[in-house]
file final36.pdb (PDB, C-alpha atoms, pLDDT in the B column)
ATOM      1  CA  MET A  50       2.727 -21.753   7.927  1.00 40.00           C
ATOM      2  CA  SER A  51       2.044 -18.151   6.924  1.00 43.00           C
ATOM      3  CA  GLN A  52      -1.503 -16.858   6.576  1.00 51.00           C
ATOM      4  CA  ASP A  53      -0.361 -14.230   4.042  1.00 47.00           C
ATOM      5  CA  ARG A  54      -2.388 -14.830   0.867  1.00 51.00           C
ATOM      6  CA  ARG A  55      -1.075 -11.879  -1.109  1.00 47.00           C
ATOM      7  CA  GLU A  56      -0.419 -12.496  -4.763  1.00 57.00           C
ATOM      8  CA  GLN A  57       2.064  -9.625  -5.058  1.00 65.00           C
ATOM      9  CA  ILE A  58       4.771  -8.143  -2.896  1.00 76.00           C
ATOM     10  CA  ARG A  59       3.769  -4.867  -1.295  1.00 84.00           C
ATOM     11  CA  LEU A  60       6.253  -2.029  -1.303  1.00 89.00           C
ATOM     12  CA  PRO A  61       6.749   0.240   1.705  1.00 91.00           C
ATOM     13  CA  VAL A  62       5.161   3.528   0.612  1.00 91.00           C
ATOM     14  CA  GLU A  63       3.481   6.245   2.664  1.00 94.00           C
ATOM     15  CA  ILE A  64       0.526   7.883   0.929  1.00 96.00           C
ATOM     16  CA  CYS A  65      -2.427   9.713   2.482  1.00 96.00           C
ATOM     17  CA  VAL A  66      -5.679   7.923   1.681  1.00 97.00           C
ATOM     18  CA  GLN A  67      -9.213   9.199   2.037  1.00 96.00           C
ATOM     19  CA  GLN A  68     -11.573   6.358   3.063  1.00 93.00           C
ATOM     20  CA  TYR A  69     -15.270   6.643   2.332  1.00 91.00           C
ATOM     21  CA  LEU A  70     -17.388   4.427   4.599  1.00 83.00           C
ATOM     22  CA  PRO A  71     -21.109   4.484   5.356  1.00 77.00           C
ATOM     23  CA  GLU A  72     -20.193   5.930   8.782  1.00 78.00           C
ATOM     24  CA  GLY A  73     -18.270   8.849   7.258  1.00 83.00           C
ATOM     25  CA  THR A  74     -15.031   9.900   5.611  1.00 89.00           C
ATOM     26  CA  PHE A  75     -11.706   9.159   7.283  1.00 90.00           C
ATOM     27  CA  LEU A  76      -8.068   9.883   6.505  1.00 94.00           C
ATOM     28  CA  GLY A  77      -5.366   7.211   6.795  1.00 95.00           C
ATOM     29  CA  LEU A  78      -1.769   6.566   5.779  1.00 96.00           C
ATOM     30  CA  THR A  79      -0.524   3.602   3.787  1.00 96.00           C
ATOM     31  CA  ARG A  80       2.286   1.486   5.160  1.00 94.00           C
ATOM     32  CA  ASP A  81       2.646  -0.527   1.973  1.00 95.00           C
ATOM     33  CA  LEU A  82       1.101  -0.790  -1.483  1.00 94.00           C
ATOM     34  CA  SER A  83       0.818  -3.109  -4.479  1.00 94.00           C
ATOM     35  CA  GLU A  84      -1.279  -3.139  -7.631  1.00 94.00           C
ATOM     36  CA  ARG A  85      -3.912  -5.184  -5.801  1.00 94.00           C
ATOM     37  CA  GLY A  86      -3.877  -3.992  -2.218  1.00 95.00           C
ATOM     38  CA  LEU A  87      -2.561  -1.827   0.553  1.00 96.00           C
ATOM     39  CA  TYR A  88      -2.139  -1.684   4.295  1.00 96.00           C
ATOM     40  CA  LEU A  89      -3.585   1.422   5.885  1.00 94.00           C
ATOM     41  CA  THR A  90      -3.226   2.832   9.387  1.00 94.00           C
ATOM     42  CA  ALA A  91      -5.662   5.345  10.808  1.00 89.00           C
ATOM     43  CA  PRO A  92      -6.726   6.629  14.224  1.00 86.00           C
ATOM     44  CA  ARG A  93      -9.241   4.354  15.943  1.00 81.00           C
ATOM     45  CA  LEU A  94     -12.774   5.646  15.953  1.00 72.00           C
ATOM     46  CA  LYS A  95     -14.586   6.291  19.243  1.00 68.00           C
ATOM     47  CA  ASP A  96     -17.024   3.435  18.645  1.00 69.00           C
ATOM     48  CA  ASP A  97     -14.178   1.275  17.198  1.00 67.00           C
ATOM     49  CA  LEU A  98     -16.221  -0.181  14.362  1.00 72.00           C
ATOM     50  CA  ALA A  99     -15.270  -3.651  13.190  1.00 75.00           C
ATOM     51  CA  LEU A 100     -14.442  -3.235   9.500  1.00 81.00           C
ATOM     52  CA  TYR A 101     -13.359  -6.772   8.537  1.00 86.00           C
ATOM     53  CA  GLY A 102     -15.128  -7.659   5.284  1.00 86.00           C
ATOM     54  CA  ALA A 103     -16.490  -4.132   4.874  1.00 85.00           C
ATOM     55  CA  PRO A 104     -16.499  -2.568   1.412  1.00 89.00           C
ATOM     56  CA  LEU A 105     -15.029   0.900   1.111  1.00 91.00           C
ATOM     57  CA  GLN A 106     -14.181   3.544  -1.422  1.00 96.00           C
ATOM     58  CA  LEU A 107     -10.645   4.957  -1.450  1.00 97.00           C
ATOM     59  CA  GLU A 108      -9.101   8.063  -2.957  1.00 97.00           C
ATOM     60  CA  PHE A 109      -5.355   8.717  -3.010  1.00 97.00           C
ATOM     61  CA  ALA A 110      -2.836  10.687  -5.041  1.00 96.00           C
ATOM     62  CA  LEU A 111       0.215   8.894  -6.396  1.00 95.00           C
ATOM     63  CA  PRO A 112       3.254  10.949  -5.313  1.00 92.00           C
ATOM     64  CA  GLY A 113       5.094  12.716  -8.103  1.00 90.00           C
ATOM     65  CA  THR A 114       2.570  11.758 -10.802  1.00 90.00           C
ATOM     66  CA  GLY A 115      -0.325  14.190 -10.482  1.00 90.00           C
ATOM     67  CA  GLU A 116      -2.667  11.147 -10.644  1.00 93.00           C
ATOM     68  CA  THR A 117      -5.533  10.665  -8.215  1.00 96.00           C
ATOM     69  CA  ILE A 118      -6.722   7.086  -7.896  1.00 97.00           C
ATOM     70  CA  TRP A 119     -10.311   6.157  -7.064  1.00 97.00           C
ATOM     71  CA  ALA A 120     -10.753   2.528  -6.102  1.00 97.00           C
ATOM     72  CA  ARG A 121     -13.142   0.219  -4.336  1.00 97.00           C
ATOM     73  CA  GLY A 122     -11.856  -2.410  -1.979  1.00 95.00           C
ATOM     74  CA  HIS A 123     -12.744  -4.489   1.009  1.00 93.00           C
ATOM     75  CA  VAL A 124     -11.066  -5.060   4.342  1.00 93.00           C
ATOM     76  CA  CYS A 125      -9.283  -8.451   4.460  1.00 94.00           C
ATOM     77  CA  TYR A 126      -7.347  -7.882   7.667  1.00 93.00           C
ATOM     78  CA  GLU A 127      -7.907  -5.703  10.709  1.00 92.00           C
ATOM     79  CA  SER A 128      -5.793  -5.016  13.784  1.00 91.00           C
ATOM     80  CA  THR A 129      -5.521  -2.454  16.557  1.00 89.00           C
ATOM     81  CA  ASP A 130      -2.407  -1.068  18.181  1.00 86.00           C
ATOM     82  CA  GLY A 131      -3.040   1.503  20.866  1.00 86.00           C
ATOM     83  CA  GLU A 132      -4.811   4.444  19.266  1.00 88.00           C
ATOM     84  CA  LEU A 133      -4.286   3.140  15.715  1.00 90.00           C
ATOM     85  CA  LYS A 134      -6.276   0.740  13.592  1.00 90.00           C
ATOM     86  CA  GLY A 135      -4.585  -1.172  10.789  1.00 93.00           C
ATOM     87  CA  LEU A 136      -6.488  -2.356   7.735  1.00 93.00           C
ATOM     88  CA  GLY A 137      -5.315  -4.724   5.037  1.00 95.00           C
ATOM     89  CA  ILE A 138      -7.369  -3.773   1.993  1.00 95.00           C
ATOM     90  CA  ARG A 139      -7.756  -5.742  -1.226  1.00 95.00           C
ATOM     91  CA  LEU A 140      -8.464  -3.432  -4.160  1.00 96.00           C
ATOM     92  CA  THR A 141     -11.404  -4.877  -6.069  1.00 96.00           C
ATOM     93  CA  ASP A 142     -12.420  -2.283  -8.629  1.00 97.00           C
ATOM     94  CA  MET A 143     -11.035   0.840 -10.288  1.00 97.00           C
ATOM     95  CA  ALA A 144     -11.094   2.496 -13.677  1.00 97.00           C
ATOM     96  CA  GLU A 145      -8.712   0.905 -16.191  1.00 97.00           C
ATOM     97  CA  ARG A 146      -6.801   4.191 -16.472  1.00 96.00           C
ATOM     98  CA  HIS A 147      -6.284   4.252 -12.699  1.00 97.00           C
ATOM     99  CA  ALA A 148      -5.206   0.592 -12.674  1.00 96.00           C
ATOM    100  CA  ARG A 149      -2.568   1.347 -15.329  1.00 96.00           C
ATOM    101  CA  SER A 150      -1.359   4.416 -13.415  1.00 96.00           C
ATOM    102  CA  LEU A 151      -1.113   2.441 -10.183  1.00 96.00           C
ATOM    103  CA  SER A 152       0.741  -0.370 -11.935  1.00 95.00           C
ATOM    104  CA  ARG A 153       3.239   2.068 -13.507  1.00 94.00           C
ATOM    105  CA  TYR A 154       3.767   3.804 -10.155  1.00 94.00           C
ATOM    106  CA  VAL A 155       4.357   0.549  -8.264  1.00 93.00           C
ATOM    107  CA  GLU A 156       6.763  -0.636 -10.967  1.00 93.00           C
ATOM    108  CA  SER A 157       8.706   2.651 -10.846  1.00 92.00           C
ATOM    109  CA  VAL A 158       9.014   2.419  -7.045  1.00 90.00           C
ATOM    110  CA  ARG A 159      10.092  -1.222  -7.341  1.00 90.00           C
ATOM    111  CA  LYS A 160      12.788  -0.335  -9.904  1.00 91.00           C
ATOM    112  CA  ALA A 161      14.038   2.632  -7.864  1.00 88.00           C
ATOM    113  CA  ARG A 162      14.335   0.478  -4.726  1.00 84.00           C
ATOM    114  CA  LEU A 163      16.170  -2.249  -6.657  1.00 87.00           C
ATOM    115  CA  HIS A 164      18.518   0.330  -8.205  1.00 87.00           C
ATOM    116  CA  ASN A 165      19.295   1.800  -4.760  1.00 84.00           C
ATOM    117  CA  LEU A 166      19.894  -1.661  -3.321  1.00 84.00           C
ATOM    118  CA  LEU A 167      22.286  -2.539  -6.148  1.00 87.00           C
ATOM    119  CA  LEU A 168      24.187   0.720  -5.615  1.00 86.00           C
ATOM    120  CA  ARG A 169      24.583  -0.085  -1.910  1.00 83.00           C
ATOM    121  CA  VAL A 170      25.824  -3.600  -2.706  1.00 83.00           C
ATOM    122  CA  GLN A 171      28.366  -2.234  -5.213  1.00 83.00           C
ATOM    123  CA  ARG A 172      29.714   0.202  -2.622  1.00 82.00           C
ATOM    124  CA  SER A 173      29.971  -2.402   0.153  1.00 75.00           C
ATOM    125  CA  PRO A 174      32.717  -4.982  -0.251  1.00 67.00           C
ATOM    126  CA  LEU A 175      31.647  -8.541   0.411  1.00 63.00           C
ATOM    127  CA  PRO A 176      33.203 -10.118   3.533  1.00 67.00           C
ATOM    128  CA  GLY A 177      36.357 -12.048   2.649  1.00 64.00           C
ATOM    129  CA  VAL A 178      36.615 -10.597  -0.885  1.00 58.00           C
ATOM    130  CA  VAL A 179      39.701  -8.569  -1.608  1.00 59.00           C
ATOM    131  CA  GLY A 180      39.288  -5.900  -4.270  1.00 54.00           C
ATOM    132  CA  PRO A 181      41.840  -4.922  -6.932  1.00 55.00           C
ATOM    133  CA  HIS A 182      44.939  -3.087  -5.724  1.00 51.00           C
TER     134      HIS A 182
END
call {"tool": "encode", "arguments": {"input": "final36.pdb", "output": "structure tokens"}}
result
Amino acid sequence: MSQDRREQIRLPVEICVQQYLPEGTFLGLTRDLSERGLYLTAPRLKDDLALYGAPLQLEFALPGTGETIWARGHVCYESTDGELKGLGIRLTDMAERHARSLSRYVESVRKARLHNLLLRVQRSPLPGVVGPH
């Protein structure tokens, strides 16, 4: 049984994110994003702080929109892989305007990915199906 409790599918998107923690400000890169959360990778800190459950403030610009999003969240998942730390972050609070912008951005990425997938399917014949001559 999966331990994934996400309510929404996250889309693979790379966006630089500034993280504001009591210990300082750190830069990370998203691996995926939804209206309610994101997965962030960042270099491990020297003291390798445990961040599970920690609240944090995030700032990131939505590519191609000119919008900067400010949001609060907390760490729901934490992992390490070599020199990188991965954080699953649930977004818990942001201005209504930023929530709408994030929602529109995620929806536009979702539609673009679906459109590209449909184009690929149309161009690739299905096995065993003979097209018109």
call {"tool": "resolve_selection", "arguments": {"input": "final36.pdb", "expression": "the PyMOL selection byres ((chain A and resi 109) around 7)", "output": "list in words"}}
result
Cys65, Val66, Gln67, Leu107, Glu108, Ala110, Leu111, Thr117, Ile118 and Trp119 of chain A
call {"tool": "closest_residue", "arguments": {"input": "final36.pdb", "among": "A:Pro104, A:Arg169, A:Ser83, A:Arg153", "to": "Pro71 (chain A)", "atoms": "all atoms listed in the file"}}
result
A:Pro104
call {"tool": "resolve_selection", "arguments": {"input": "final36.pdb", "expression": "the PyMOL selection byres ((chain A and resi 85) around 12)", "output": "ChimeraX atom specification"}}
result
/A:54-60,81-84,86-88,120-123,137-143,147-149,151-152,155
call {"tool": "closest_residue", "arguments": {"input": "final36.pdb", "among": "A:Ala161, A:Leu167, A:Leu89, A:Leu98", "to": "Leu136 (chain A)", "atoms": "only C-alpha atoms"}}
result
A:Leu89
call {"tool": "closest_residue", "arguments": {"input": "final36.pdb", "among": "A:Glu116, A:Glu72, A:Asp130, A:Glu63", "to": "Tyr154 (chain A)", "atoms": "all atoms listed in the file"}}
result
A:Glu116
call {"tool": "closest_residue", "arguments": {"input": "final36.pdb", "among": "A:Leu163, A:Ala91, A:Val170, A:Leu105", "to": "Ser128 (chain A)", "atoms": "only C-alpha atoms"}}
result
A:Ala91
call {"tool": "closest_residue", "arguments": {"input": "final36.pdb", "among": "A:Val62, A:Leu166, A:Ala99, A:Leu76", "to": "Thr129 (chain A)", "atoms": "all atoms listed in the file"}}
result
A:Ala99
call {"tool": "residues_around", "arguments": {"input": "final36.pdb", "residues": "Gly102 (chain A)", "least_positions_apart": "6", "cutoff": "9 Å", "atoms": "only C-alpha atoms", "output": "ChimeraX atom specification"}}
result
/A:123-126
call {"tool": "atom_distance", "arguments": {"input": "final36.pdb", "atom1": "CA of Leu133 (chain A)", "atom2": "CA of Thr90 (chain A)"}}
result
6.4 Å
call {"tool": "atom_distance", "arguments": {"input": "final36.pdb", "atom1": "CA of Gly115 (chain A)", "atom2": "CA of Arg159 (chain A)"}}
result
18.9 Å
call {"tool": "atom_distance", "arguments": {"input": "final36.pdb", "atom1": "CA of Val158 (chain A)", "atom2": "CA of Pro112 (chain A)"}}
result
10.4 Å
call {"tool": "closest_residue", "arguments": {"input": "final36.pdb", "among": "A:Gln171, A:Arg80, A:Ala144, A:Gly113", "to": "Ser157 (chain A)", "atoms": "all atoms listed in the file"}}
result
A:Gly113
